[in-house]
file model-v3.cif (mmCIF, C-alpha atoms)
data_protein
loop_
_atom_site.label_atom_id
_atom_site.label_comp_id
_atom_site.auth_asym_id
_atom_site.auth_seq_id
_atom_site.Cartn_x
_atom_site.Cartn_y
_atom_site.Cartn_z
CA MET V 1 0.00 0.00 0.00
CA THR V 2 1.40 3.40 -0.97
CA PHE V 3 0.13 6.98 -0.97
CA SER V 4 0.70 9.39 -3.87
CA ASN V 5 -0.04 13.07 -4.37
CA TRP V 6 1.28 16.23 -5.96
CA GLN V 7 3.32 18.48 -3.69
CA GLU V 8 5.19 21.71 -4.34
CA THR V 9 8.57 23.24 -3.62
CA GLU V 10 10.52 26.14 -5.09
CA SER V 11 13.29 25.99 -7.66
CA ASP V 12 15.10 28.94 -9.20
CA GLY V 13 12.47 31.32 -7.85
CA ASN V 14 9.58 29.35 -9.37
CA PRO V 15 7.04 26.97 -7.85
CA MET V 16 7.86 23.40 -8.91
CA ARG V 17 5.45 20.51 -8.57
CA LEU V 18 6.62 17.04 -7.57
CA PHE V 19 4.70 13.79 -7.80
CA VAL V 20 5.45 12.12 -4.45
CA THR V 21 4.75 8.55 -3.38
CA LEU V 22 5.23 7.37 0.21
CA PRO V 23 5.62 3.75 1.26
CA ALA V 24 3.40 2.22 3.90
CA GLY V 25 4.66 2.60 7.45
CA GLY V 26 6.23 5.39 9.40
CA GLY V 27 9.74 5.55 8.03
CA PRO V 28 12.20 7.09 7.92
CA PHE V 29 12.73 5.84 4.38
CA PRO V 30 15.63 6.20 1.98
CA ALA V 31 14.65 8.66 -0.74
CA VAL V 32 14.89 8.49 -4.53
CA MET V 33 14.25 11.23 -7.05
CA VAL V 34 12.75 10.01 -10.31
CA MET V 35 13.84 11.99 -13.36
CA GLN V 36 11.26 12.26 -16.11
CA HIS V 37 11.51 11.30 -19.73
CA GLN V 38 10.61 13.79 -22.46
CA GLY V 39 6.93 13.08 -21.92
CA GLY V 40 7.09 14.69 -18.50
CA VAL V 41 5.75 13.36 -15.21
CA ASP V 42 3.17 11.25 -16.98
CA GLU V 43 1.48 7.95 -16.18
CA PHE V 44 4.69 5.99 -16.68
CA ILE V 45 6.85 8.20 -14.44
CA GLN V 46 4.16 8.26 -11.78
CA GLN V 47 4.00 4.49 -11.86
CA MET V 48 7.75 4.27 -11.36
CA THR V 49 7.48 6.34 -8.17
CA ARG V 50 4.87 3.83 -6.96
CA ARG V 51 7.10 0.89 -7.79
CA LEU V 52 9.92 2.45 -5.79
CA ALA V 53 7.58 3.14 -2.87
CA LEU V 54 6.42 -0.49 -2.89
CA ALA V 55 10.09 -1.37 -2.41
CA GLY V 56 10.37 0.96 0.61
CA TYR V 57 11.62 4.22 -0.94
CA LEU V 58 10.14 7.68 -0.61
CA ALA V 59 10.03 8.70 -4.30
CA ALA V 60 9.52 12.11 -5.89
CA ALA V 61 9.41 13.06 -9.56
CA PRO V 62 9.96 16.79 -10.17
CA ASP V 63 8.13 18.46 -13.06
CA LEU V 64 11.05 19.86 -15.04
CA TYR V 65 8.66 21.78 -17.30
CA HIS V 66 7.47 23.93 -14.40
CA ARG V 67 8.87 27.15 -15.88
CA ASP V 68 6.40 26.87 -18.77
CA GLY V 69 3.47 27.48 -16.48
CA PRO V 70 0.30 25.40 -16.06
CA ASP V 71 -1.41 26.74 -19.21
CA CYS V 72 1.39 25.96 -21.67
CA GLN V 73 0.04 24.27 -24.82
CA ASP V 74 3.38 23.76 -26.60
CA ASP V 75 4.24 20.27 -27.74
CA ILE V 76 6.64 18.14 -25.75
CA ALA V 77 9.56 18.59 -28.15
CA ALA V 78 9.33 22.38 -27.81
CA ARG V 79 9.15 22.16 -24.04
CA ARG V 80 12.16 19.84 -23.91
CA SER V 81 14.15 22.18 -26.15
CA ARG V 82 13.81 24.96 -23.56
CA LEU V 83 15.44 22.95 -20.80
CA SER V 84 19.02 23.83 -19.89
CA ASP V 85 21.48 21.96 -17.74
CA ARG V 86 22.00 24.97 -15.48
CA ARG V 87 18.31 25.11 -14.66
CA ILE V 88 18.00 21.34 -14.33
CA VAL V 89 20.87 21.27 -11.83
CA LYS V 90 18.88 23.79 -9.77
CA ASP V 91 15.78 21.58 -10.05
CA ILE V 92 17.80 18.55 -8.92
CA ALA V 93 19.14 20.51 -5.95
CA ALA V 94 15.62 21.66 -5.04
CA THR V 95 14.30 18.09 -5.25
CA ALA V 96 17.19 16.81 -3.14
CA ALA V 97 16.49 19.48 -0.51
CA PHE V 98 12.78 18.63 -0.56
CA LEU V 99 13.44 14.94 -0.02
CA ARG V 100 16.15 15.40 2.57
CA GLY V 101 13.83 17.67 4.56
CA HIS V 102 10.78 15.43 4.28
CA THR V 103 9.52 14.16 7.64
CA ALA V 104 9.28 10.59 6.29
CA ALA V 105 12.79 10.55 4.77
CA ASP V 106 16.19 9.58 6.04
CA GLY V 107 18.01 12.59 4.60
CA ASP V 108 21.36 10.83 4.54
CA ARG V 109 20.18 8.22 2.01
CA LEU V 110 19.38 9.75 -1.37
CA GLY V 111 19.49 8.27 -4.85
CA VAL V 112 18.25 9.04 -8.35
CA VAL V 113 16.62 6.92 -11.05
CA GLY V 114 16.01 8.32 -14.53
CA PHE V 115 14.58 7.22 -17.86
CA CYS V 116 15.57 8.39 -21.35
CA MET V 117 16.42 12.08 -20.91
CA GLY V 118 16.02 11.36 -17.20
CA GLY V 119 18.78 8.76 -17.53
CA ARG V 120 20.97 11.52 -18.92
CA LEU V 121 19.98 13.65 -15.94
CA ALA V 122 20.86 10.83 -13.55
CA PHE V 123 24.42 11.11 -14.84
CA LEU V 124 24.26 14.90 -14.58
CA GLY V 125 22.89 14.79 -11.03
CA ALA V 126 25.48 12.25 -9.92
CA ALA V 127 28.16 14.70 -11.03
CA ALA V 128 26.57 17.98 -9.93
CA ASN V 129 25.02 17.10 -6.57
CA PRO V 130 27.10 15.45 -3.84
CA ALA V 131 23.95 14.56 -1.87
CA ILE V 132 23.17 11.87 -4.46
CA GLU V 133 24.81 8.65 -3.31
CA ALA V 134 23.63 6.24 -6.04
CA ALA V 135 22.31 6.72 -9.57
CA VAL V 136 20.43 4.43 -11.94
CA ALA V 137 20.11 5.42 -15.60
CA PHE V 138 17.79 3.71 -18.06
CA TYR V 139 18.73 4.19 -21.74
CA PRO V 140 20.45 7.56 -21.13
CA GLY V 141 20.49 9.36 -24.48
CA ASN V 142 22.31 12.55 -25.47
CA VAL V 143 24.89 12.34 -22.70
CA PHE V 144 27.63 13.69 -24.96
CA ARG V 145 25.94 17.04 -25.59
CA ALA V 146 25.40 19.89 -23.15
CA TRP V 147 22.00 21.57 -22.96
CA GLY V 148 22.96 25.24 -22.96
CA ARG V 149 25.91 27.33 -24.01
CA ASP V 150 29.38 27.18 -22.46
CA LEU V 151 28.54 24.09 -20.39
CA ALA V 152 30.07 20.66 -20.04
CA SER V 153 28.02 17.63 -21.06
CA PRO V 154 27.20 14.88 -18.55
CA PHE V 155 29.88 12.78 -20.27
CA GLU V 156 32.45 15.54 -19.78
CA ARG V 157 31.56 15.70 -16.07
CA ILE V 158 32.12 12.02 -15.32
CA SER V 159 35.23 12.85 -13.31
CA GLU V 160 32.91 14.67 -10.87
CA VAL V 161 30.57 11.72 -10.25
CA HIS V 162 30.25 11.15 -6.49
CA GLY V 163 28.72 7.69 -6.14
CA PRO V 164 28.19 4.41 -7.96
CA ILE V 165 26.17 4.25 -11.18
CA GLN V 166 24.08 1.47 -12.66
CA ALA V 167 22.84 1.75 -16.25
CA HIS V 168 20.48 -0.28 -18.44
CA PHE V 169 20.60 -0.34 -22.24
CA GLY V 170 18.55 -1.86 -25.03
CA ALA V 171 20.67 -3.79 -27.52
CA ASP V 172 18.59 -2.37 -30.38
CA ASP V 173 18.71 1.26 -29.20
CA ALA V 174 20.30 3.95 -31.38
CA ASN V 175 20.50 6.67 -28.70
CA PRO V 176 22.28 5.50 -26.65
CA SER V 177 23.85 3.13 -29.11
CA PRO V 178 26.14 0.20 -28.17
CA GLY V 179 29.03 2.49 -29.11
CA ASP V 180 27.75 5.18 -26.74
CA MET V 181 27.55 2.61 -23.97
CA ALA V 182 31.14 1.54 -24.62
CA LYS V 183 32.34 5.16 -24.43
CA LEU V 184 30.53 5.71 -21.13
CA ASP V 185 31.94 2.48 -19.74
CA ALA V 186 35.48 3.43 -20.74
CA GLU V 187 35.21 6.93 -19.29
CA LEU V 188 33.82 5.74 -15.96
CA THR V 189 36.59 3.15 -15.83
CA ARG V 190 39.22 5.77 -16.68
CA PHE V 191 38.20 7.83 -13.66
CA ASP V 192 37.78 4.77 -11.44
CA LYS V 193 34.06 5.38 -10.90
CA PRO V 194 32.16 2.31 -9.64
CA HIS V 195 29.56 1.28 -12.19
CA GLU V 196 27.68 -1.66 -13.63
CA PHE V 197 26.06 -1.83 -17.07
CA PHE V 198 23.42 -4.24 -18.36
CA VAL V 199 22.27 -4.81 -21.93
CA TYR V 200 18.96 -6.40 -22.92
CA ALA V 201 18.54 -8.30 -26.18
CA ASP V 202 15.49 -7.66 -28.35
CA ALA V 203 14.91 -4.33 -26.62
CA GLY V 204 15.23 -0.80 -27.90
CA HIS V 205 14.67 2.63 -26.43
CA ALA V 206 11.99 3.08 -23.74
CA PHE V 207 11.76 -0.65 -23.06
CA MET V 208 10.47 0.10 -19.53
CA ASP V 209 7.52 2.24 -20.60
CA HIS V 210 4.43 0.08 -20.34
CA THR V 211 2.33 2.76 -22.07
CA LYS V 212 4.21 2.39 -25.39
CA GLU V 213 4.74 -0.26 -28.03
CA SER V 214 8.45 -0.15 -27.19
CA TYR V 215 7.76 -1.89 -23.85
CA ARG V 216 9.57 -5.20 -23.41
CA ARG V 217 8.41 -7.25 -20.46
CA HIS V 218 11.53 -9.43 -20.36
CA ALA V 219 13.79 -6.36 -20.06
CA ASP V 220 11.56 -4.81 -17.40
CA GLU V 221 11.48 -8.01 -15.35
CA ALA V 222 15.25 -8.39 -15.55
CA SER V 223 16.26 -4.76 -14.98
CA TRP V 224 13.95 -3.78 -12.12
CA PRO V 225 15.21 -6.37 -9.59
CA ARG V 226 18.74 -5.28 -10.48
CA THR V 227 17.75 -1.67 -9.84
CA LEU V 228 16.28 -2.47 -6.43
CA ASN V 229 19.25 -4.61 -5.49
CA PHE V 230 21.60 -1.76 -6.41
CA LEU V 231 19.63 0.80 -4.42
CA ASN V 232 19.42 -1.57 -1.47
CA ARG V 233 23.17 -2.08 -1.46
CA HIS V 234 23.97 1.63 -1.59
CA LEU V 235 21.05 3.23 0.25
CA SER V 236 18.92 0.85 2.31
CA ALA V 237 21.81 -1.10 3.75
CA LYS V 238 23.53 1.99 5.22
#
call {"tool": "encode", "arguments": {"input": "model-v3.cif", "output": "structure tokens"}}
result
Amino acid sequence: MTFSNWQETESDGNPMRLFVTLPAGGGPFPAVMVMQHQGGVDEFIQQMTRRLALAGYLAAAPDLYHRDGPDCQDDIAARRSRLSDRRIVKDIAATAAFLRGHTAADGDRLGVVGFCMGGRLAFLGAAANPAIEAAVAFYPGNVFRAWGRDLASPFERISEVHGPIQAHFGADDANPSPGDMAKLDAELTRFDKPHEFFVYADAGHAFMDHTKESYRRHADEASWPRTLNFLNRHLSAK
């Protein structure tokens, strides 16, 4: 049994909504921020917060499109194009502060899980925010390009990563491609950053999203226990 609702905090001088799911019981619980894919904090992302809460984590998914305002009618691609890494880093910091200050959270145990562009942001958050102690990235695309001028990409910030990273890739994905995965693996190894990568055959991009035709049950059922095991090792077992 879990409880979900929308809550609000402030980021960069703007109100920012978060979809928050609490586990059953009194806590304190380790906390995980869930970074959205391009579609926003939609049914899939909300469901992932519930799955984390069922495993005993206080989960919150920040709405990274909050600067557009509630009446924005632009399509998702336009909204995504307005995001910048500088602003996202502020949103990650605001979400971390929200979770660490939550009455049901153990503020010393904080992780991040992200999907698609959120997987990219899991890498970014692991580098930019020392409060994040473990990061899980699902099919993290566009990690080699910065969003905004005069910035370093998540790939270029790997030397700054604070904690261990786990990542999941579809063998048939083009972004990230198998070559992208190999570059990430080599760079994390070069800087002696603990990490573990998993590849799933007959799976492409967005293989976790049960709302799309890209969903692959076998990849979901293999990757999610690995995710929970990883979070347990680095957060729950502290």
call {"tool": "atom_distance", "arguments": {"input": "model-v3.cif", "atom1": "CA of Arg157 (chain V)", "atom2": "CA of Ala105 (chain V)"}}
result
28.5 Å
call {"tool": "resolve_selection", "arguments": {"input": "model-v3.cif", "expression": "the PyMOL selection byres ((chain V and resi 95) around 10)", "output": "ChimeraX atom specification"}}
result
/V:8-11,16-18,32-34,60-63,89-94,96-101
call {"tool": "closest_residue", "arguments": {"input": "model-v3.cif", "among": "V:Asp68, V:His102, V:Gly27, V:Gln36", "to": "Gln7 (chain V)", "atoms": "all atoms listed in the file"}}
result
V:His102
call {"tool": "closest_residue", "arguments": {"input": "model-v3.cif", "among": "V:Leu22, V:Ala152, V:Glu221, V:Ser236", "to": "Glu133 (chain V)", "atoms": "all atoms listed in the file"}}
result
V:Ser236
call {"tool": "residues_near_point", "arguments": {"input": "model-v3.cif", "point": "(10.2, -6.8, -17.8)", "cutoff": "12 Å", "atoms": "all atoms listed in the file", "output": "PyMOL selection string"}}
result
chain V and resi 200-203+206-210+214-226
call {"tool": "residues_around", "arguments": {"input": "model-v3.cif", "residues": "Asp106 (chain V)", "least_positions_apart": "5", "cutoff": "6 Å", "atoms": "all atoms listed in the file", "output": "NGL selection string"}}
result
:V and (28-30)
call {"tool": "write_last_selection", "arguments": {"input": "model-v3.cif", "atoms": "C-alpha atoms", "output": "tab-separated table (two decimals), in the coordinates of the input"}}
result
chain	number	residue	atom	x	y	z
V	28	PRO	CA	12.20	7.09	7.92
V	29	PHE	CA	12.73	5.84	4.38
V	30	PRO	CA	15.63	6.20	1.98
call {"tool": "closest_residue", "arguments": {"input": "model-v3.cif", "among": "V:His205, V:Arg51, V:His37, V:His168", "to": "Ser4 (chain V)", "atoms": "only C-alpha atoms"}}
result
V:Arg51
call {"tool": "atom_distance", "arguments": {"input": "model-v3.cif", "atom1": "CA of Glu187 (chain V)", "atom2": "CA of Glu156 (chain V)"}}
result
9.1 Å
call {"tool": "residues_around", "arguments": {"input": "model-v3.cif", "residues": "Ala126 (chain V)", "least_positions_apart": "5", "cutoff": "8 Å", "atoms": "only C-alpha atoms", "output": "ChimeraX atom specification"}}
result
/V:132-135,160-163
call {"tool": "atom_distance", "arguments": {"input": "model-v3.cif", "atom1": "CA of Pro178 (chain V)", "atom2": "CA of Ile158 (chain V)"}}
result
18.5 Å
call {"tool": "resolve_selection", "arguments": {"input": "model-v3.cif", "expression": "the PyMOL selection byres ((chain V and resi 154) around 10)", "output": "list in words"}}
result
Asp85, Arg120, Leu121, Ala122, Phe123, Leu124, Gly125, Ala126, Ala127, Ala128, Asn142, Val143, Phe144, Arg145, Ala146, Trp147, Leu151, Ala152, Ser153, Phe155, Glu156, Arg157, Ile158, Ser159, Glu160 and Val161 of chain V
call {"tool": "residues_around", "arguments": {"input": "model-v3.cif", "residues": "Ala24 (chain V)", "least_positions_apart": "3", "cutoff": "12 Å", "atoms": "only C-alpha atoms", "output": "VMD selection string"}}
result
chain V and resid 1 to 4 21 27 to 29 50 52 to 58 104
call {"tool": "closest_residue", "arguments": {"input": "model-v3.cif", "among": "V:Pro23, V:Gln166, V:Arg190, V:Leu64", "to": "Asp42 (chain V)", "atoms": "all atoms listed in the file"}}
result
V:Leu64
call {"tool": "resolve_selection", "arguments": {"input": "model-v3.cif", "expression": "the PyMOL selection byres ((chain V and resi 174-176) around 10)", "output": "compact mmCIF listing (two decimals) with C-alpha atoms, in the frame of the given file"}}
result
# COMPACT_ATOMS: atom_id res chain seq x y z
CA CYS V 116 15.57 8.39 -21.35
CA ARG V 120 20.97 11.52 -18.92
CA PHE V 138 17.79 3.71 -18.06
CA TYR V 139 18.73 4.19 -21.74
CA PRO V 140 20.45 7.56 -21.13
CA GLY V 141 20.49 9.36 -24.48
CA ASN V 142 22.31 12.55 -25.47
CA VAL V 143 24.89 12.34 -22.70
CA PHE V 144 27.63 13.69 -24.96
CA PHE V 169 20.60 -0.34 -22.24
CA GLY V 170 18.55 -1.86 -25.03
CA ALA V 171 20.67 -3.79 -27.52
CA ASP V 172 18.59 -2.37 -30.38
CA ASP V 173 18.71 1.26 -29.20
CA SER V 177 23.85 3.13 -29.11
CA PRO V 178 26.14 0.20 -28.17
CA GLY V 179 29.03 2.49 -29.11
CA ASP V 180 27.75 5.18 -26.74
CA MET V 181 27.55 2.61 -23.97
CA ALA V 182 31.14 1.54 -24.62
CA LEU V 184 30.53 5.71 -21.13
CA GLY V 204 15.23 -0.80 -27.90
CA HIS V 205 14.67 2.63 -26.43
call {"tool": "build_atoms", "arguments": {"input": "model-v3.cif", "residues": "region 116-151 of chain V", "atoms": "N, CA and C atoms", "output": "mmCIF file, in the coordinates of the input"}}
result
data_model
loop_
_atom_site.group_PDB
_atom_site.id
_atom_site.type_symbol
_atom_site.label_atom_id
_atom_site.label_comp_id
_atom_site.auth_asym_id
_atom_site.auth_seq_id
_atom_site.Cartn_x
_atom_site.Cartn_y
_atom_site.Cartn_z
ATOM 1 N N CYS V 116 15.383 7.634 -20.105
ATOM 2 C CA CYS V 116 15.570 8.390 -21.350
ATOM 3 C C CYS V 116 16.309 9.688 -21.024
ATOM 4 N N MET V 117 15.713 10.848 -21.279
ATOM 5 C CA MET V 117 16.420 12.080 -20.910
ATOM 6 C C MET V 117 16.666 12.108 -19.410
ATOM 7 N N GLY V 118 15.790 11.463 -18.635
ATOM 8 C CA GLY V 118 16.020 11.360 -17.200
ATOM 9 C C GLY V 118 17.216 10.509 -16.866
ATOM 10 N N GLY V 119 17.541 9.517 -17.715
ATOM 11 C CA GLY V 119 18.780 8.760 -17.530
ATOM 12 C C GLY V 119 19.989 9.647 -17.722
ATOM 13 N N ARG V 120 19.912 10.506 -18.733
ATOM 14 C CA ARG V 120 20.970 11.520 -18.920
ATOM 15 C C ARG V 120 21.104 12.372 -17.678
ATOM 16 N N LEU V 121 19.969 12.770 -17.106
ATOM 17 C CA LEU V 121 19.980 13.650 -15.940
ATOM 18 C C LEU V 121 20.442 12.916 -14.681
ATOM 19 N N ALA V 122 20.292 11.597 -14.662
ATOM 20 C CA ALA V 122 20.860 10.830 -13.550
ATOM 21 C C ALA V 122 22.374 10.954 -13.547
ATOM 22 N N PHE V 123 22.978 10.884 -14.738
ATOM 23 C CA PHE V 123 24.420 11.110 -14.840
ATOM 24 C C PHE V 123 24.770 12.538 -14.434
ATOM 25 N N LEU V 124 23.998 13.503 -14.917
ATOM 26 C CA LEU V 124 24.260 14.900 -14.580
ATOM 27 C C LEU V 124 24.141 15.135 -13.075
ATOM 28 N N GLY V 125 23.078 14.610 -12.470
ATOM 29 C CA GLY V 125 22.890 14.790 -11.030
ATOM 30 C C GLY V 125 23.980 14.130 -10.215
ATOM 31 N N ALA V 126 24.419 12.956 -10.645
ATOM 32 C CA ALA V 126 25.480 12.250 -9.920
ATOM 33 C C ALA V 126 26.772 13.049 -9.916
ATOM 34 N N ALA V 127 26.970 13.859 -10.961
ATOM 35 C CA ALA V 127 28.160 14.700 -11.030
ATOM 36 C C ALA V 127 27.969 16.026 -10.298
ATOM 37 N N ALA V 128 26.782 16.609 -10.408
ATOM 38 C CA ALA V 128 26.570 17.980 -9.930
ATOM 39 C C ALA V 128 26.155 18.071 -8.477
ATOM 40 N N ASN V 129 25.587 16.996 -7.916
ATOM 41 C CA ASN V 129 25.020 17.100 -6.570
ATOM 42 C C ASN V 129 25.605 16.035 -5.651
ATOM 43 N N PRO V 130 26.448 16.434 -4.709
ATOM 44 C CA PRO V 130 27.100 15.450 -3.840
ATOM 45 C C PRO V 130 26.147 14.753 -2.880
ATOM 46 N N ALA V 131 24.913 15.233 -2.745
ATOM 47 C CA ALA V 131 23.950 14.560 -1.870
ATOM 48 C C ALA V 131 23.492 13.233 -2.461
ATOM 49 N N ILE V 132 23.618 13.083 -3.782
ATOM 50 C CA ILE V 132 23.170 11.870 -4.460
ATOM 51 C C ILE V 132 24.236 10.782 -4.287
ATOM 52 N N GLU V 133 23.843 9.689 -3.659
ATOM 53 C CA GLU V 133 24.810 8.650 -3.310
ATOM 54 C C GLU V 133 24.760 7.455 -4.253
ATOM 55 N N ALA V 134 23.742 7.347 -5.088
ATOM 56 C CA ALA V 134 23.630 6.240 -6.040
ATOM 57 C C ALA V 134 22.724 6.683 -7.171
ATOM 58 N N ALA V 135 23.075 6.309 -8.398
ATOM 59 C CA ALA V 135 22.310 6.720 -9.570
ATOM 60 C C ALA V 135 22.047 5.533 -10.473
ATOM 61 N N VAL V 136 20.809 5.461 -10.975
ATOM 62 C CA VAL V 136 20.430 4.430 -11.940
ATOM 63 C C VAL V 136 19.904 5.122 -13.186
ATOM 64 N N ALA V 137 20.489 4.791 -14.340
ATOM 65 C CA ALA V 137 20.110 5.420 -15.600
ATOM 66 C C ALA V 137 19.587 4.371 -16.565
ATOM 67 N N PHE V 138 18.359 4.573 -17.032
ATOM 68 C CA PHE V 138 17.790 3.710 -18.060
ATOM 69 C C PHE V 138 17.904 4.410 -19.413
ATOM 70 N N TYR V 139 18.504 3.719 -20.362
ATOM 71 C CA TYR V 139 18.730 4.190 -21.740
ATOM 72 C C TYR V 139 18.990 5.695 -21.806
ATOM 73 N N PRO V 140 20.145 6.126 -21.221
ATOM 74 C CA PRO V 140 20.450 7.560 -21.130
ATOM 75 C C PRO V 140 20.957 8.122 -22.456
ATOM 76 N N GLY V 141 20.090 8.789 -23.207
ATOM 77 C CA GLY V 141 20.490 9.360 -24.480
ATOM 78 C C GLY V 141 21.075 10.754 -24.342
ATOM 79 N N ASN V 142 21.789 11.179 -25.365
ATOM 80 C CA ASN V 142 22.310 12.550 -25.470
ATOM 81 C C ASN V 142 23.238 12.959 -24.328
ATOM 82 N N VAL V 143 23.993 12.005 -23.812
ATOM 83 C CA VAL V 143 24.890 12.340 -22.700
ATOM 84 C C VAL V 143 26.156 13.065 -23.156
ATOM 85 N N PHE V 144 26.395 13.079 -24.457
ATOM 86 C CA PHE V 144 27.630 13.690 -24.960
ATOM 87 C C PHE V 144 27.441 15.144 -25.368
ATOM 88 N N ARG V 145 26.239 15.672 -25.181
ATOM 89 C CA ARG V 145 25.940 17.040 -25.590
ATOM 90 C C ARG V 145 25.386 17.817 -24.406
ATOM 91 N N ALA V 146 25.909 19.024 -24.204
ATOM 92 C CA ALA V 146 25.400 19.890 -23.150
ATOM 93 C C ALA V 146 24.115 20.563 -23.614
ATOM 94 N N TRP V 147 23.208 20.806 -22.681
ATOM 95 C CA TRP V 147 22.000 21.570 -22.960
ATOM 96 C C TRP V 147 22.227 22.987 -22.448
ATOM 97 N N GLY V 148 22.633 23.875 -23.338
ATOM 98 C CA GLY V 148 22.960 25.240 -22.960
ATOM 99 C C GLY V 148 24.366 25.590 -23.417
ATOM 100 N N ARG V 149 24.621 26.866 -23.524
ATOM 101 C CA ARG V 149 25.910 27.330 -24.010
ATOM 102 C C ARG V 149 26.973 27.298 -22.911
ATOM 103 N N ASP V 150 28.209 27.094 -23.347
ATOM 104 C CA ASP V 150 29.380 27.180 -22.460
ATOM 105 C C ASP V 150 29.252 26.257 -21.248
ATOM 106 N N LEU V 151 28.690 25.069 -21.454
ATOM 107 C CA LEU V 151 28.540 24.090 -20.390
ATOM 108 C C LEU V 151 29.234 22.801 -20.783
#
